[in-house]
>>> print(open('input26.cif').read())   # mmCIF, C-alpha atoms (C1' of nucleotides)
data_final
loop_
_atom_site.label_atom_id
_atom_site.label_comp_id
_atom_site.auth_asym_id
_atom_site.auth_seq_id
_atom_site.Cartn_x
_atom_site.Cartn_y
_atom_site.Cartn_z
CA MET A 881 -4.44 43.20 6.92
CA LYS A 882 -1.71 44.95 8.77
CA ARG A 883 -1.21 45.36 12.46
CA ASN A 884 -3.45 47.59 14.55
CA SER A 885 -5.56 48.35 11.54
CA ARG A 886 -8.80 49.00 13.33
CA LEU A 887 -8.45 52.73 12.96
CA SER A 888 -7.57 52.32 9.29
CA LEU A 889 -10.58 50.14 8.67
CA ALA A 890 -12.86 52.52 10.55
CA LEU A 891 -11.62 55.58 8.67
CA HIS A 892 -11.82 53.83 5.34
CA THR A 893 -15.38 52.75 5.93
CA LEU A 894 -16.54 56.04 7.39
CA GLY A 895 -14.87 57.89 4.54
CA HIS A 896 -16.98 56.06 2.01
CA MET A 897 -20.11 56.52 4.06
CA ALA A 898 -19.46 60.23 4.31
CA VAL A 899 -19.31 60.45 0.53
CA ASP A 900 -22.61 58.63 0.12
CA PRO A 901 -24.48 58.77 3.44
CA ASP A 902 -27.72 57.32 2.10
CA LYS A 903 -26.30 53.98 1.07
CA THR A 904 -26.56 51.07 3.47
CA GLN A 905 -23.66 48.65 3.31
CA THR A 906 -23.36 45.13 4.63
CA SER A 907 -20.38 43.78 6.53
CA ALA A 908 -19.60 41.54 3.58
CA GLN A 909 -19.51 44.46 1.15
CA ILE A 910 -17.32 46.51 3.42
CA ALA A 911 -15.03 43.57 4.07
CA GLY A 912 -14.69 42.95 0.35
CA HIS A 913 -13.75 46.53 -0.29
CA ALA A 914 -11.33 46.70 2.63
CA GLY A 915 -9.74 43.34 1.94
CA THR A 916 -10.66 41.71 5.20
CA ASN A 917 -13.28 39.56 6.87
CA PRO A 918 -16.96 40.38 7.58
CA VAL A 919 -16.56 39.32 11.21
CA VAL A 920 -13.63 41.66 11.64
CA VAL A 921 -15.71 44.43 10.15
CA ARG A 922 -18.51 43.76 12.61
CA ARG A 923 -16.04 43.75 15.47
CA VAL A 924 -14.63 47.13 14.58
CA LEU A 925 -17.83 48.80 13.45
CA GLY A 926 -19.57 47.38 16.49
CA LYS A 927 -17.53 49.73 18.64
CA LEU A 928 -18.54 52.65 16.47
CA ARG A 929 -22.14 51.55 16.83
CA ASP A 930 -21.81 51.38 20.62
CA ALA A 931 -20.42 54.91 20.52
CA GLY A 932 -23.41 56.11 18.54
CA LEU A 933 -21.55 56.84 15.32
CA LEU A 934 -23.13 54.10 13.24
CA THR A 935 -26.38 52.19 13.17
CA ALA A 936 -26.62 48.51 12.33
CA GLU A 937 -29.82 46.96 11.03
CA LYS A 938 -30.29 43.24 11.25
CA GLY A 939 -32.12 41.02 8.84
CA HIS A 940 -33.00 41.34 5.20
CA SER A 941 -31.80 44.55 3.56
CA GLY A 942 -29.99 45.39 6.75
CA GLY A 943 -26.48 46.74 7.11
CA TRP A 944 -24.49 49.75 8.30
CA ARG A 945 -24.90 53.47 7.91
CA LEU A 946 -23.96 56.70 9.62
CA ALA A 947 -25.96 57.55 12.71
CA ARG A 948 -25.25 61.28 12.29
CA GLN A 949 -24.35 63.74 9.60
CA PRO A 950 -20.69 63.57 8.51
CA ASP A 951 -19.98 67.01 9.92
CA ALA A 952 -21.11 65.81 13.34
CA ILE A 953 -18.54 63.00 13.51
CA THR A 954 -14.98 64.00 14.31
CA LEU A 955 -11.83 61.95 14.07
CA ALA A 956 -11.66 62.11 17.86
CA ASP A 957 -15.07 60.45 18.08
CA VAL A 958 -13.75 57.59 15.98
CA TYR A 959 -10.47 57.33 17.84
CA LEU A 960 -12.11 57.31 21.26
CA ALA A 961 -14.79 54.87 20.17
CA LEU A 962 -12.10 52.35 19.29
CA ASP A 963 -10.34 52.61 22.68
CA GLU A 964 -7.09 53.00 20.81
CA SER A 965 -5.02 54.96 23.31
CA ILE A 966 -2.01 55.07 21.02
CA VAL A 967 0.13 57.15 23.32
CA ALA A 968 -0.78 56.36 26.88
CA PRO A 969 -0.39 52.63 27.48
CA ALA A 970 -3.89 52.31 29.00
CA ARG A 971 -1.96 50.90 31.85
CA ALA A 972 -2.91 48.33 34.38
CA GLU A 973 -0.74 50.13 36.92
CA ASP A 974 1.64 47.46 38.11
CA ALA A 975 3.08 47.26 41.58
CA PRO A 976 5.65 49.97 42.32
CA THR A 977 8.70 47.84 42.93
CA CYS A 978 11.43 50.34 43.70
CA SER A 979 11.13 54.03 44.39
CA VAL A 980 13.92 55.16 42.08
CA GLU A 981 12.31 53.49 39.14
CA HIS A 982 9.06 55.33 39.36
CA VAL A 983 10.28 58.88 39.52
CA LEU A 984 11.21 58.87 35.85
CA GLN A 985 8.43 56.47 34.94
CA ARG A 986 5.80 58.75 36.39
CA LYS A 987 7.35 61.72 34.68
CA VAL A 988 7.08 59.94 31.36
CA ALA A 989 3.58 58.71 32.17
CA THR A 990 2.47 62.26 32.89
CA ILE A 991 3.92 63.51 29.63
CA LEU A 992 2.25 60.69 27.71
CA GLU A 993 -1.10 61.57 29.24
CA GLU A 994 -0.69 65.18 28.23
CA VAL A 995 0.31 64.19 24.72
CA GLU A 996 -2.60 61.79 24.45
CA HIS A 997 -4.92 64.58 25.45
CA ASN A 998 -3.29 66.84 22.90
CA LEU A 999 -3.79 64.18 20.23
CA VAL A 1000 -7.51 63.92 20.94
CA GLU A 1001 -7.84 67.70 20.81
CA ARG A 1002 -6.29 67.81 17.38
CA LEU A 1003 -8.40 64.92 16.12
CA ALA A 1004 -11.52 66.70 17.34
CA ALA A 1005 -10.79 69.57 14.94
CA THR A 1006 -11.53 67.47 11.87
CA SER A 1007 -14.84 65.90 10.91
CA LEU A 1008 -15.81 63.38 8.28
CA SER A 1009 -17.15 66.18 6.10
CA GLU A 1010 -13.52 66.97 5.39
CA ILE A 1011 -13.76 64.21 2.81
CA GLN A 1012 -16.30 66.19 0.83
CA ARG A 1013 -13.86 68.99 0.19
CA HIS A 1014 -11.63 66.71 -1.89
CA MET B 158 8.51 41.36 31.94
CA LYS B 159 5.66 43.11 30.30
CA ARG B 160 5.23 44.14 26.72
CA ASN B 161 7.20 46.96 25.16
CA SER B 162 9.19 47.35 28.30
CA ARG B 163 12.40 48.58 26.74
CA LEU B 164 11.72 52.13 27.79
CA SER B 165 10.81 50.98 31.29
CA LEU B 166 13.99 48.97 31.60
CA ALA B 167 16.08 51.83 30.29
CA LEU B 168 14.55 54.37 32.64
CA HIS B 169 14.82 52.07 35.59
CA THR B 170 18.50 51.43 34.95
CA LEU B 171 19.37 55.02 34.16
CA GLY B 172 17.51 56.15 37.24
CA HIS B 173 19.73 54.08 39.48
CA MET B 174 22.84 55.18 37.65
CA ALA B 175 21.87 58.81 38.06
CA VAL B 176 21.59 58.32 41.80
CA ASP B 177 25.03 56.73 42.01
CA PRO B 178 26.95 57.63 38.84
CA ASP B 179 30.27 56.21 40.01
CA LYS B 180 29.13 52.66 40.39
CA THR B 181 29.68 50.26 37.50
CA GLN B 182 27.00 47.64 37.11
CA THR B 183 27.03 44.40 35.15
CA SER B 184 24.23 43.18 32.92
CA ALA B 185 23.59 40.38 35.39
CA GLN B 186 23.19 42.79 38.30
CA ILE B 187 20.87 45.03 36.34
CA ALA B 188 18.87 42.08 35.08
CA GLY B 189 18.52 40.73 38.60
CA HIS B 190 17.25 44.04 39.84
CA ALA B 191 14.89 44.56 36.92
CA GLY B 192 13.59 41.02 36.94
CA THR B 193 14.73 40.10 33.48
CA ASN B 194 17.55 38.51 31.53
CA PRO B 195 21.14 39.76 31.10
CA VAL B 196 20.94 39.37 27.34
CA VAL B 197 17.81 41.47 27.21
CA VAL B 198 19.60 44.09 29.27
CA ARG B 199 22.52 44.13 26.86
CA ARG B 200 20.15 44.43 23.93
CA VAL B 201 18.39 47.45 25.38
CA LEU B 202 21.41 49.16 26.92
CA GLY B 203 23.35 48.47 23.74
CA LYS B 204 21.14 50.99 21.99
CA LEU B 205 21.85 53.55 24.68
CA ARG B 206 25.54 52.83 24.25
CA ASP B 207 25.31 53.34 20.49
CA ALA B 208 23.61 56.65 21.18
CA GLY B 209 26.46 57.71 23.45
CA LEU B 210 24.46 57.67 26.68
CA LEU B 211 26.23 54.74 28.29
CA THR B 212 29.64 53.12 28.15
CA ALA B 213 30.18 49.38 28.34
CA GLU B 214 33.47 47.88 29.50
CA LYS B 215 34.27 44.31 28.71
CA GLY B 216 36.20 41.87 30.82
CA HIS B 217 36.94 41.66 34.48
CA SER B 218 35.46 44.49 36.55
CA GLY B 219 33.66 45.65 33.44
CA GLY B 220 30.07 46.71 33.17
CA TRP B 221 27.84 49.68 32.42
CA ARG B 222 27.92 53.29 33.50
CA LEU B 223 26.75 56.70 32.35
CA ALA B 224 28.75 58.25 29.55
CA ARG B 225 27.71 61.76 30.59
CA GLN B 226 26.54 63.61 33.65
CA PRO B 227 22.90 62.96 34.57
CA ASP B 228 21.93 66.53 33.78
CA ALA B 229 23.23 66.07 30.23
CA ILE B 230 20.90 63.16 29.46
CA THR B 231 17.28 63.97 28.74
CA LEU B 232 14.32 61.66 28.51
CA ALA B 233 14.19 62.50 24.81
CA ASP B 234 17.73 61.18 24.39
CA VAL B 235 16.62 57.89 25.88
CA TYR B 236 13.41 57.70 23.91
CA LEU B 237 15.09 58.46 20.60
CA ALA B 238 17.96 56.09 21.30
CA LEU B 239 15.47 53.25 21.60
CA ASP B 240 13.72 53.99 18.28
CA GLU B 241 10.43 53.78 20.08
CA SER B 242 8.15 55.98 17.98
CA ILE B 243 5.17 55.43 20.23
CA VAL B 244 2.81 57.72 18.35
CA ALA B 245 3.72 57.72 14.69
CA PRO B 246 3.64 54.16 13.36
CA ALA B 247 7.11 54.47 11.77
CA ARG B 248 5.22 53.51 8.71
CA ALA B 249 6.32 51.59 5.69
CA GLU B 250 3.94 53.66 3.55
CA ASP B 251 1.69 51.08 1.93
CA ALA B 252 0.17 51.38 -1.49
CA PRO B 253 -2.64 53.91 -1.70
CA THR B 254 -5.50 51.64 -2.66
CA CYS B 255 -8.46 53.96 -2.94
CA SER B 256 -8.50 57.73 -2.92
CA VAL B 257 -11.32 58.16 -0.43
CA GLU B 258 -9.49 56.10 2.13
CA HIS B 259 -6.38 58.21 2.17
CA VAL B 260 -7.87 61.63 2.71
CA LEU B 261 -8.70 60.84 6.33
CA GLN B 262 -5.69 58.57 6.75
CA ARG B 263 -3.29 61.28 5.74
CA LYS B 264 -5.02 63.74 7.99
CA VAL B 265 -4.51 61.41 10.92
CA ALA B 266 -0.95 60.62 9.88
CA THR B 267 -0.10 64.31 9.83
CA ILE B 268 -1.58 64.82 13.28
CA LEU B 269 0.33 61.83 14.63
CA GLU B 270 3.59 63.22 13.30
CA GLU B 271 2.93 66.55 14.97
CA VAL B 272 2.04 64.85 18.21
CA GLU B 273 5.12 62.65 18.06
CA HIS B 274 7.24 65.76 17.63
CA ASN B 275 5.45 67.37 20.52
CA LEU B 276 6.18 64.32 22.67
CA VAL B 277 9.89 64.49 22.00
CA GLU B 278 9.91 68.18 22.82
CA ARG B 279 8.36 67.53 26.19
CA LEU B 280 10.68 64.66 26.95
CA ALA B 281 13.63 66.88 26.15
CA ALA B 282 12.64 69.20 28.98
CA THR B 283 13.51 66.65 31.67
CA SER B 284 16.93 65.21 32.42
CA LEU B 285 18.06 62.34 34.59
CA SER B 286 19.11 64.78 37.29
CA GLU B 287 15.42 65.13 38.02
CA ILE B 288 15.84 61.97 40.05
CA GLN B 289 18.17 63.74 42.45
CA ARG B 290 15.48 66.15 43.51
CA HIS B 291 13.44 63.36 45.05
"C1'" DT C 1178 46.20 31.46 31.84
"C1'" DC C 1179 41.95 31.80 33.97
"C1'" DT C 1180 38.04 34.29 35.22
"C1'" DT C 1181 34.65 37.66 34.20
"C1'" DA C 1182 32.55 40.66 31.53
"C1'" DT C 1183 30.17 42.26 26.90
"C1'" DG C 1184 28.53 41.20 21.82
"C1'" DT C 1185 25.80 38.66 19.03
"C1'" DA C 1186 23.49 35.06 16.57
"C1'" DA C 1187 20.01 31.59 16.68
"C1'" DC C 1188 16.26 29.52 18.69
"C1'" DT C 1189 12.08 29.13 21.84
"C1'" DT C 1190 8.30 31.03 24.27
"C1'" DT C 1191 4.72 34.34 25.03
"C1'" DT C 1192 1.49 37.62 23.73
"C1'" DC C 1193 -1.81 39.82 21.01
"C1'" DG C 1194 -4.23 41.21 16.86
"C1'" DT C 1195 -6.32 39.23 13.00
"C1'" DG C 1196 -8.63 35.68 10.52
"C1'" DT C 1197 -11.98 31.91 10.52
"C1'" DT C 1198 -15.83 28.88 11.62
"C1'" DG C 1199 -20.14 28.07 13.54
"C1'" DC C 1200 -24.41 29.18 15.27
"C1'" DA C 1201 -28.09 32.03 17.53
"C1'" DT C 1202 -31.01 35.96 16.63
"C1'" DT C 1203 -33.47 39.27 14.04
"C1'" DT C 1204 -36.06 41.02 10.06
"C1'" DA C 1205 -37.80 41.69 5.30
"C1'" DT C 1206 -39.89 39.19 1.66
"C1'" DC C 1207 -42.38 35.45 -0.56
"C1'" DG D 1317 -45.54 30.86 8.48
"C1'" DA D 1318 -41.24 29.74 5.90
"C1'" DT D 1319 -37.22 31.26 4.00
"C1'" DA D 1320 -33.42 34.07 2.98
"C1'" DA D 1321 -30.29 37.55 4.48
"C1'" DA D 1322 -28.34 40.23 7.66
"C1'" DT D 1323 -25.95 41.24 12.50
"C1'" DG D 1324 -24.10 39.44 17.25
"C1'" DC D 1325 -21.11 36.72 19.44
"C1'" DA D 1326 -18.27 32.98 21.14
"C1'" DA D 1327 -14.51 29.92 20.35
"C1'" DC D 1328 -10.61 28.60 18.03
"C1'" DA D 1329 -6.58 28.91 14.55
"C1'" DC D 1330 -2.96 31.57 12.59
"C1'" DG D 1331 0.92 34.71 12.32
"C1'" DA D 1332 3.93 38.39 13.59
"C1'" DA D 1333 6.51 40.75 17.01
"C1'" DA D 1334 8.57 41.14 21.57
"C1'" DA D 1335 10.71 38.92 25.26
"C1'" DG D 1336 13.27 35.20 27.04
"C1'" DT D 1337 16.92 31.67 26.52
"C1'" DT D 1338 21.06 29.20 25.06
"C1'" DA D 1339 25.45 29.12 23.22
"C1'" DC D 1340 29.62 30.83 21.99
"C1'" DA D 1341 33.07 34.35 20.38
"C1'" DT D 1342 35.72 38.21 22.04
"C1'" DA D 1343 37.99 41.24 25.19
"C1'" DA D 1344 40.35 42.55 29.44
"C1'" DG D 1345 41.82 42.44 34.24
"C1'" DA D 1346 43.78 39.36 37.92
#
>>> encode(input="input26.cif", output="structure tokens")
Amino acid sequence: MKRNSRLSLALHTLGHMAVDPDKTQTSAQIAGHAGTNPVVVRRVLGKLRDAGLLTAEKGHSGGWRLARQPDAITLADVYLALDESIVAPARAEDAPTCSVEHVLQRKVATILEEVEHNLVERLAATSLSEIQRH
Amino acid sequence: MKRNSRLSLALHTLGHMAVDPDKTQTSAQIAGHAGTNPVVVRRVLGKLRDAGLLTAEKGHSGGWRLARQPDAITLADVYLALDESIVAPARAEDAPTCSVEHVLQRKVATILEEVEHNLVERLAATSLSEIQRH
DNA sequence: TCTTATGTAACTTTTCGTGTTGCATTTATC
DNA sequence: GATAAATGCAACACGAAAAGTTACATAAGA
């Protein structure tokens, strides 16, 4: 699997679920289809579960399925559930060493925050039901 | 130094140069001030030199200085010179495995490209001379 | 000619995401 | 109840990428 592929894995899985929302899939099945490991799948989908996008049933005949209708899950929901923060560095604000440094840094940081916000807005405009129109 | 700090290092250095554009600084001086290594400094500033933002003089009394006036260097110039591509993954388009997967993926990819473009636009609105107003 | 600077290649170290193993827990089925 | 099949989670191994380091060639002023 390639780097920072959590979003890819999530979209791939959710895409299939949106096509056939009544089918429950196990981590092993999903992993097989995505070419990765069941534990990795549980790690990623676990975040989606915590965000209320998926439900996970334990035990026999358990597995994963959508917690809502596809049209009620936007790409922003997925993105935010994964704590991706592609743009803004999710920074652990380090000590301001010298004043000159941080004038430009803060300018850039502000712009990145605005752009991050803009990204989420755009992602919110598309839901999983988009997949059904193709 | 922290991860992906090339932009930080570049901004820090350019910030100081914008305050005092007549002073030539060596890699060692810059590295000392930025808490890193002279070779790392040359690697990062070398990209800014290639982009025409800085000049580097070899030999005795050599060093780095701005190649243009501070107001003629925007944050976008710096960002682009470093090949950062924070938002869009600068992707080596991998093989489209299954069709369902790539509907959502492409949607996201398109949004990321738009957002990346938007980022550069915003960065272009600020120049290094901003530092002189503080 | 010597000193001081950049330019660059090669290697090491660090960091972080992914992959893997192992086991506890839960739940349907026999 | 026992068993099989699933998730939950912790701990460790692996690998790639960025940063740091060493070494040396090259250039230019003193």
>>> residues_around(input="input26.cif", residues="B:His274", least_positions_apart="6", cutoff="12 Å", atoms="only C-alpha atoms (C1' of nucleotides)", output="PyMOL selection string")
(chain A and resi 995+998-999) or (chain B and resi 233+236-237+242-245+267-268+280-281)
>>> resolve_selection(input="input26.cif", expression="the PyMOL selection byres ((chain B) within 8 of (chain A))", output="list in words")
Ser165, Leu168, His169, Thr170, Gly172, His173, Leu232, Ile243, Val244, Val257, Glu258, His259, Val260, Leu261, Gln262, Val265, Ile268, Leu269, Val272, Asn275, Leu276, Arg279, Leu280, Leu285, Glu287, Ile288 and His291 of chain B
>>> resolve_selection(input="input26.cif", expression="the PyMOL selection byres ((chain D) within 7 of (chain B))", output="PyMOL selection string")
chain D and resi 1334+1343-1345
>>> resolve_selection(input="input26.cif", expression="the PyMOL selection byres ((chain C) within 8 of (chain A))", output="PyMOL selection string")
chain C and resi 1194-1196+1203-1205
>>> atom_distance(input="input26.cif", atom1="atom CA of A:Thr954", atom2="atom CA of A:Thr935")
16.5 Å
>>> closest_residue(input="input26.cif", among="A:Leu962, A:Ala936, A:Val924, A:Ala952", to="A:Ala1005", atoms="all atoms listed in the file")
A:Ala952
>>> axis_aligned_box(input="input26.cif", around="stretch 934-946 of chain A", padding_each_side="6 Å", output="lines of an AutoDock Vina configuration file")
center_x = -28.1
center_y = 48.9
center_z = 8.4
size_x = 21.9
size_y = 27.7
size_z = 21.7
>>> atom_distance(input="input26.cif", atom1="atom CA of A:Gly943", atom2="atom C1' of D:DC1328")
26.5 Å
>>> atom_distance(input="input26.cif", atom1="atom CA of A:Gly912", atom2="atom C1' of D:DG1324")
19.7 Å
>>> residues_around(input="input26.cif", residues="C:DG1184", least_positions_apart="3", cutoff="10 Å", atoms="only C-alpha atoms (C1' of nucleotides)", output="ChimeraX atom specification")
/B:196,199-200,203,215 /D:1341-1342
